[in-house]
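J.: Below is the file protein-v3.txt, which contains compact mmCIF, C-alpha atoms.
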# COMPACT_ATOMS: atom_id res chain seq x y z
CA MET A 29 -31.30 27.19 -5.38
CA LYS A 30 -30.55 28.64 -8.78
CA THR A 31 -30.94 27.33 -12.28
CA LYS A 32 -29.94 30.53 -14.05
CA ASN A 33 -27.93 30.30 -17.21
CA GLU A 34 -26.07 33.52 -16.45
CA LEU A 35 -24.05 31.75 -13.74
CA THR A 36 -20.63 30.61 -14.88
CA PHE A 37 -17.66 28.76 -13.45
CA CYS A 38 -14.01 28.38 -14.37
CA ILE A 39 -14.04 24.99 -16.11
CA GLN A 40 -17.32 25.48 -17.94
CA LYS A 41 -17.45 24.45 -21.59
CA HIS A 42 -19.09 26.72 -24.13
CA ASP A 43 -21.97 24.29 -24.80
CA GLU A 44 -22.49 23.28 -21.16
CA ILE A 45 -25.77 24.29 -19.52
CA ILE A 46 -26.07 24.62 -15.75
CA LYS A 47 -29.13 22.76 -14.50
CA LYS A 48 -28.80 23.37 -10.79
CA VAL A 49 -26.47 25.01 -8.28
CA LEU A 50 -26.58 23.64 -4.75
CA ARG A 51 -25.04 24.75 -1.50
CA ARG A 52 -24.78 23.26 1.99
CA GLY A 53 -27.70 24.28 4.20
CA PHE A 54 -26.82 27.40 6.16
CA ILE A 55 -28.06 25.84 9.40
CA ILE A 56 -24.93 23.63 9.36
CA GLU A 57 -22.84 26.79 9.81
CA VAL A 58 -24.81 28.00 12.84
CA PRO A 59 -22.92 26.03 15.60
CA TRP A 60 -19.52 27.60 14.83
CA LEU A 61 -21.17 31.01 14.35
CA LEU A 62 -22.59 30.69 17.88
CA GLY A 63 -19.08 29.81 19.10
CA ILE A 64 -17.69 32.96 17.51
CA LEU A 65 -20.52 35.02 19.03
CA ALA A 66 -19.82 33.58 22.50
CA SER A 67 -16.08 34.34 22.13
CA SER A 68 -16.87 37.92 21.06
CA ILE A 69 -19.14 38.47 24.08
CA LEU A 70 -16.41 37.12 26.38
CA LEU A 71 -13.84 39.45 24.78
CA ILE A 72 -16.14 42.47 25.09
CA THR A 73 -16.95 41.78 28.75
CA PHE A 74 -13.31 41.10 29.73
CA PRO A 75 -12.29 44.79 30.16
CA ILE A 76 -15.34 45.43 32.37
CA ILE A 77 -14.37 42.52 34.63
CA SER A 78 -10.68 43.38 34.67
CA THR A 79 -11.09 47.14 35.39
CA ASN A 80 -11.27 46.49 39.11
CA SER A 81 -8.33 44.09 39.05
CA PHE A 82 -5.86 46.17 37.05
CA SER A 83 -5.69 49.84 37.69
CA ASP A 84 -2.50 50.36 35.66
CA LYS A 85 -3.21 52.75 32.76
CA ASN A 86 -0.68 51.11 30.43
CA PHE A 87 -2.05 47.64 31.01
CA LEU A 88 -5.63 48.76 30.34
CA GLY A 89 -4.56 50.54 27.17
CA ILE A 90 -2.83 47.52 25.70
CA THR A 91 -5.62 45.19 26.85
CA THR A 92 -8.29 47.26 25.10
CA PHE A 93 -6.17 47.47 21.97
CA VAL A 94 -5.55 43.71 21.91
CA ILE A 95 -9.25 43.00 22.46
CA ILE A 96 -10.27 45.34 19.60
CA ASN A 97 -7.75 43.61 17.34
CA LEU A 98 -8.94 40.15 18.41
CA LEU A 99 -12.53 41.19 17.63
CA PHE A 100 -11.34 42.43 14.24
CA PHE A 101 -9.56 39.10 13.66
CA LEU A 102 -12.68 37.14 14.66
CA ALA A 103 -14.85 39.23 12.31
CA LEU A 104 -12.43 38.63 9.45
CA TYR A 105 -12.23 34.91 10.24
CA THR A 106 -16.05 34.71 10.26
CA PHE A 107 -16.22 36.54 6.93
CA ASN A 108 -13.65 34.15 5.47
CA ARG A 109 -15.60 31.08 6.61
CA LEU A 110 -18.85 32.52 5.27
CA LEU A 111 -17.10 33.10 1.94
CA ASN A 112 -15.99 29.46 1.95
CA TRP A 113 -19.58 28.39 2.58
CA PHE A 114 -20.91 30.65 -0.16
CA TYR A 115 -18.41 29.58 -2.80
CA SER A 116 -18.47 25.86 -1.96
CA VAL A 117 -21.09 24.90 -4.49
CA ASN A 118 -22.24 21.73 -6.18
CA ILE A 119 -23.07 22.26 -9.81
CA ILE A 120 -25.18 19.96 -11.92
CA THR A 121 -24.86 20.57 -15.63
CA ASP A 122 -26.25 18.68 -18.62
CA GLN A 123 -22.84 16.97 -19.00
CA ARG A 124 -21.34 16.44 -15.54
CA LEU A 125 -21.42 17.02 -11.79
CA ILE A 126 -18.89 19.39 -10.22
CA ASP A 127 -18.16 19.75 -6.52
CA PHE A 128 -16.25 22.88 -5.45
CA GLU A 129 -15.05 22.63 -1.87
CA PHE A 130 -13.15 25.37 -0.04
CA SER A 131 -12.29 24.89 3.62
CA ASP A 132 -9.27 26.96 4.68
CA LEU A 133 -7.13 29.70 3.24
CA GLY A 134 -5.46 28.33 0.13
CA HIS A 135 -7.18 24.96 0.33
CA LYS A 136 -9.56 23.89 -2.41
CA ASN A 137 -10.87 20.65 -3.78
CA ILE A 138 -12.64 20.50 -7.14
CA VAL A 139 -14.13 17.15 -8.15
CA GLU A 140 -16.00 16.55 -11.37
CA CYS A 141 -17.57 13.47 -12.82
CA ARG A 142 -19.21 12.96 -16.17
CA LEU A 143 -22.84 11.85 -16.14
CA GLU A 144 -22.17 8.79 -18.29
CA ASN A 145 -19.77 7.47 -15.62
CA ILE A 146 -22.32 7.54 -12.81
CA GLN A 147 -23.18 4.09 -11.47
CA SER A 148 -25.36 4.76 -8.44
CA ILE A 149 -26.80 7.62 -6.41
CA THR A 150 -27.20 7.22 -2.67
CA LEU A 151 -29.12 9.54 -0.37
CA GLN A 152 -27.96 9.70 3.25
CA ASN A 153 -29.05 11.54 6.39
CA GLN A 154 -26.19 12.44 8.74
CA GLY A 155 -26.68 13.73 12.26
CA LEU A 156 -29.36 15.54 14.22
CA LEU A 157 -29.22 18.83 12.33
CA SER A 158 -29.73 17.16 8.97
CA PHE A 159 -32.62 15.15 10.46
CA LEU A 160 -34.30 18.23 11.97
CA PHE A 161 -33.84 20.50 8.97
CA ARG A 162 -34.31 17.89 6.24
CA LEU A 163 -30.81 18.16 4.84
CA SER A 164 -29.31 15.13 3.19
CA THR A 165 -26.08 14.06 1.60
CA ILE A 166 -26.13 12.67 -1.92
CA LYS A 167 -23.29 10.28 -2.67
CA VAL A 168 -22.65 9.67 -6.34
CA LEU A 169 -20.67 6.52 -7.09
CA THR A 170 -18.81 6.49 -10.39
CA SER A 171 -17.31 3.70 -12.44
CA GLY A 172 -13.62 2.82 -12.65
CA ASP A 173 -11.02 5.22 -11.33
CA ASN A 174 -13.29 8.24 -11.59
CA PRO A 175 -13.69 10.10 -8.30
CA ASN A 176 -16.93 9.85 -6.34
CA VAL A 177 -18.84 13.06 -5.75
CA ASP A 178 -20.59 14.00 -2.50
CA PHE A 179 -23.20 16.74 -2.25
CA GLU A 180 -23.31 17.37 1.49
CA PHE A 181 -26.25 18.68 3.54
CA ILE A 182 -28.37 19.89 0.66
CA GLU A 183 -32.02 20.92 0.71
CA ASN A 184 -34.64 19.10 -1.37
CA PRO A 185 -32.43 16.02 -1.84
CA THR A 186 -35.11 13.93 -3.51
CA LYS A 187 -35.62 16.46 -6.30
CA THR A 188 -31.87 16.65 -6.84
CA GLN A 189 -31.56 12.87 -6.86
CA ASN A 190 -34.32 12.65 -9.47
CA LEU A 191 -32.65 15.33 -11.58
CA ILE A 192 -29.29 13.54 -11.51
CA SER A 193 -31.01 10.24 -12.32
CA ASP A 194 -32.84 11.75 -15.30
CA LEU A 195 -29.72 13.47 -16.63
CA THR A 196 -27.70 10.28 -16.18
CA ARG A 197 -30.24 8.24 -18.10
CA ILE A 198 -30.16 10.78 -20.94
CA ALA A 199 -26.34 10.84 -20.95
CA GLN A 200 -26.15 7.04 -20.94
CA GLY A 201 -28.74 6.76 -23.72
CA LYS A 202 -31.33 5.01 -21.54
CA ASP A 203 -33.99 7.68 -21.72
CA ASN A 204 -36.48 5.53 -23.63
CA MET B 20 24.69 48.81 24.82
CA ILE B 21 20.87 48.80 25.06
CA PRO B 22 19.32 52.19 24.27
CA SER B 23 17.37 53.57 27.19
CA GLU B 24 14.30 53.96 24.96
CA ILE B 25 13.86 50.17 24.75
CA LEU B 26 13.54 49.96 28.51
CA ASN B 27 10.67 52.43 28.34
CA LEU B 28 7.35 50.57 28.87
CA ASP B 29 5.39 52.90 26.56
CA PHE B 30 7.82 52.16 23.73
CA VAL B 31 7.53 48.39 24.25
CA LEU B 32 3.73 48.57 24.31
CA LYS B 33 3.73 50.64 21.13
CA ILE B 34 5.87 47.99 19.39
CA VAL B 35 3.46 45.26 20.55
CA LYS B 36 0.49 47.24 19.20
CA VAL B 37 2.18 47.84 15.85
CA VAL B 38 3.07 44.15 15.50
CA ILE B 39 -0.51 43.08 16.30
CA SER B 40 -2.00 45.51 13.77
CA ILE B 41 0.49 44.39 11.09
CA VAL B 42 -0.51 40.74 11.72
CA ASN B 43 -4.14 41.75 11.17
CA ILE B 44 -3.31 43.52 7.91
CA VAL B 45 -1.36 40.47 6.67
CA PHE B 46 -4.31 38.20 7.51
CA LEU B 47 -6.60 40.62 5.67
CA LEU B 48 -4.39 40.39 2.57
CA PHE B 49 -4.52 36.59 2.74
CA VAL B 50 -8.33 36.69 2.91
CA PHE B 51 -8.43 39.10 -0.02
CA GLN B 52 -6.25 36.77 -2.09
CA HIS B 53 -8.48 33.86 -1.05
CA LEU B 54 -11.57 35.81 -2.19
CA ARG B 55 -9.99 36.39 -5.60
CA ASP B 56 -9.21 32.68 -5.86
CA LEU B 57 -12.79 31.77 -4.94
CA GLN B 58 -14.18 34.16 -7.52
CA ASP B 59 -11.87 32.74 -10.19
CA ASN B 60 -13.40 29.30 -9.66
CA TYR B 61 -17.05 30.18 -9.36
CA HIS B 62 -18.13 33.51 -10.81
CA SER B 63 -20.58 34.99 -8.33
CA LYS B 64 -22.56 38.16 -8.90
CA LEU B 65 -22.10 39.07 -5.23
CA PHE B 66 -18.37 39.64 -5.71
CA PRO B 67 -18.68 43.49 -5.66
CA VAL B 68 -20.51 43.23 -2.32
CA PHE B 69 -17.71 41.10 -0.91
CA LEU B 70 -15.17 43.63 -2.20
CA VAL B 71 -17.01 46.44 -0.38
CA VAL B 72 -16.92 44.40 2.86
CA MET B 73 -13.19 43.81 2.34
CA GLY B 74 -12.78 47.55 1.82
CA GLY B 75 -14.47 48.13 5.17
CA PHE B 76 -12.10 45.68 6.84
CA LEU B 77 -9.12 47.39 5.16
CA THR B 78 -10.22 50.82 6.39
CA LEU B 79 -10.64 49.47 9.91
CA SER B 80 -7.24 47.75 9.88
CA ILE B 81 -5.52 50.94 8.69
CA PHE B 82 -7.31 52.86 11.44
CA LEU B 83 -6.07 50.33 14.02
CA PHE B 84 -2.54 50.61 12.63
CA LEU B 85 -2.65 54.42 12.88
CA LEU B 86 -3.98 54.06 16.43
CA ALA B 87 -1.04 51.77 17.22
CA ILE B 88 1.65 54.16 15.96
CA ASN B 89 0.17 57.23 17.63
Here is a file; write its structure as structure tokens.
T.:
Amino acid sequence: MKTKNELTFCIQKHDEIIKKVLRRGFIIEVPWLLGILASSILLITFPIISTNSFSDKNFLGITTFVIINLLFFLALYTFNRLLNWFYSVNIITDQRLIDFEFSDLGHKNIVECRLENIQSITLQNQGLLSFLFRLSTIKVLTSGDNPNVDFEFIENPTKTQNLISDLTRIAQGKDN
Amino acid sequence: MIPSEILNLDFVLKIVKVVISIVNIVFLLFVFQHLRDLQDNYHSKLFPVFLVVMGGFLTLSIFLFLLAIN
């Protein structure tokens, strides 16, 4: 969790101060990482199993090459998904909330809502992992046609909820 | 008339290897472009580290391509 002013983002205004940068808990990424690990182990052990079955030199050569390339592909895919996790951030500034979401290659979703448009903040627990590791989802409901913002599986949700509440009150002129 | 070289198994396998390694390089370029896009949106200080990792992947993919054509 960072509150450093040196962090910047693309749609930042010159007088906008970042209060908090949040990210999904890394534990949420563990199940698919285990899947990738299991696939890699299967790929590595395949030539050992198949050596007895296929004695043809050409077949073994191409099999090994394909397996090395598949491992390379898996590593690159894992790196890409980790990048998506790292760059999918929720930013709380003194003026608005911004949700950057990246899921696949070329797919991004950037939602922002101004603090004065916030109507309610809901805290939700979703699933076993979020229960075990104290990760919650904060749903911010906005007025009118403004989009709602979800901060999914974040750590210390209560602190974040309080921060958004305080900033909202200041933005809406209800801080007295 | 089909050239006799095409019927050669070694030649066919070499083509398959080259195609696979080119697919990997193309995927690598997509990921690199994606990384640039991500960095454009949220300016992370870890970007140079990610570039070094991408460089490692690029080296490996070139090595695999050279392995395929040899």
J.: Should the cut-off be 12 Å, what would the residue list for chain A against chain B look like, counting all atoms listed in the file, as a PyMOL selection string?
T.: chain A and resi 30+32+34-40+49+84-119+126-138
J.: Atom CA of A:Lys167 and atom CA of A:Thr188 are how many Å apart?
T.: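 These two atoms are separated by 11.5 Å.
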J.: Kindly give the distance, in Å, that separates atom CA of A:Ser193 and atom CA of A:Gly155, rounded to a single decimal.
T.: 25.2 Å
J.: For A:Arg197, list every protein, DNA or RNA residue within 12 Å, evaluated using all atoms listed in the file, and leave out those in the same chain fewer than 5 positions away; present the list as a PDB file with C-alpha atoms, in the coordinates of the input.
T.:
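Once written, around.pdb looks like this:
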ATOM      1  CA  ASP A 122     -26.250  18.680 -18.620  1.00  0.00           C
ATOM      2  CA  GLN A 123     -22.840  16.970 -19.000  1.00  0.00           C
ATOM      3  CA  LEU A 143     -22.840  11.850 -16.140  1.00  0.00           C
ATOM      4  CA  GLU A 144     -22.170   8.790 -18.290  1.00  0.00           C
ATOM      5  CA  ASN A 145     -19.770   7.470 -15.620  1.00  0.00           C
ATOM      6  CA  ILE A 146     -22.320   7.540 -12.810  1.00  0.00           C
ATOM      7  CA  GLN A 147     -23.180   4.090 -11.470  1.00  0.00           C
ATOM      8  CA  SER A 148     -25.360   4.760  -8.440  1.00  0.00           C
ATOM      9  CA  ASN A 190     -34.320  12.650  -9.470  1.00  0.00           C
ATOM     10  CA  LEU A 191     -32.650  15.330 -11.580  1.00  0.00           C
ATOM     11  CA  ILE A 192     -29.290  13.540 -11.510  1.00  0.00           C
ATOM     12  CA  LYS A 202     -31.330   5.010 -21.540  1.00  0.00           C
ATOM     13  CA  ASP A 203     -33.990   7.680 -21.720  1.00  0.00           C
ATOM     14  CA  ASN A 204     -36.480   5.530 -23.630  1.00  0.00           C
TER      15      ASN A 204
END
J.: Starting from the point (-29.5, 22.0, -12.8), work out which residues of protein, DNA or RNA have an atom no more than 6 Å away when counting only C-alpha atoms; state them as a list in words.
T.: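 In the file's frame, the residues around the point are Thr31, Ile46, Lys47, Lys48, Ile120 and Thr121 of chain A.
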J.: How far is it from atom CA of A:Leu151 to atom CA of A:Thr165, in Å with one decimal?
T.: 5.8 Å
J.: So, counting all atoms listed in the file, which residue among A:Ala199, A:Leu157, A:Ile166, A:Asp194 is closest to A:Arg142?
T.: A:Ala199
J.: Which residue out of B:Arg55, B:Phe82, B:Val37, B:Phe30 has the minimum interatomic distance to B:Leu70 when all atoms listed in the file are used?
T.: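 Using all atoms listed in the file, B:Leu70 sits closest to B:Arg55.
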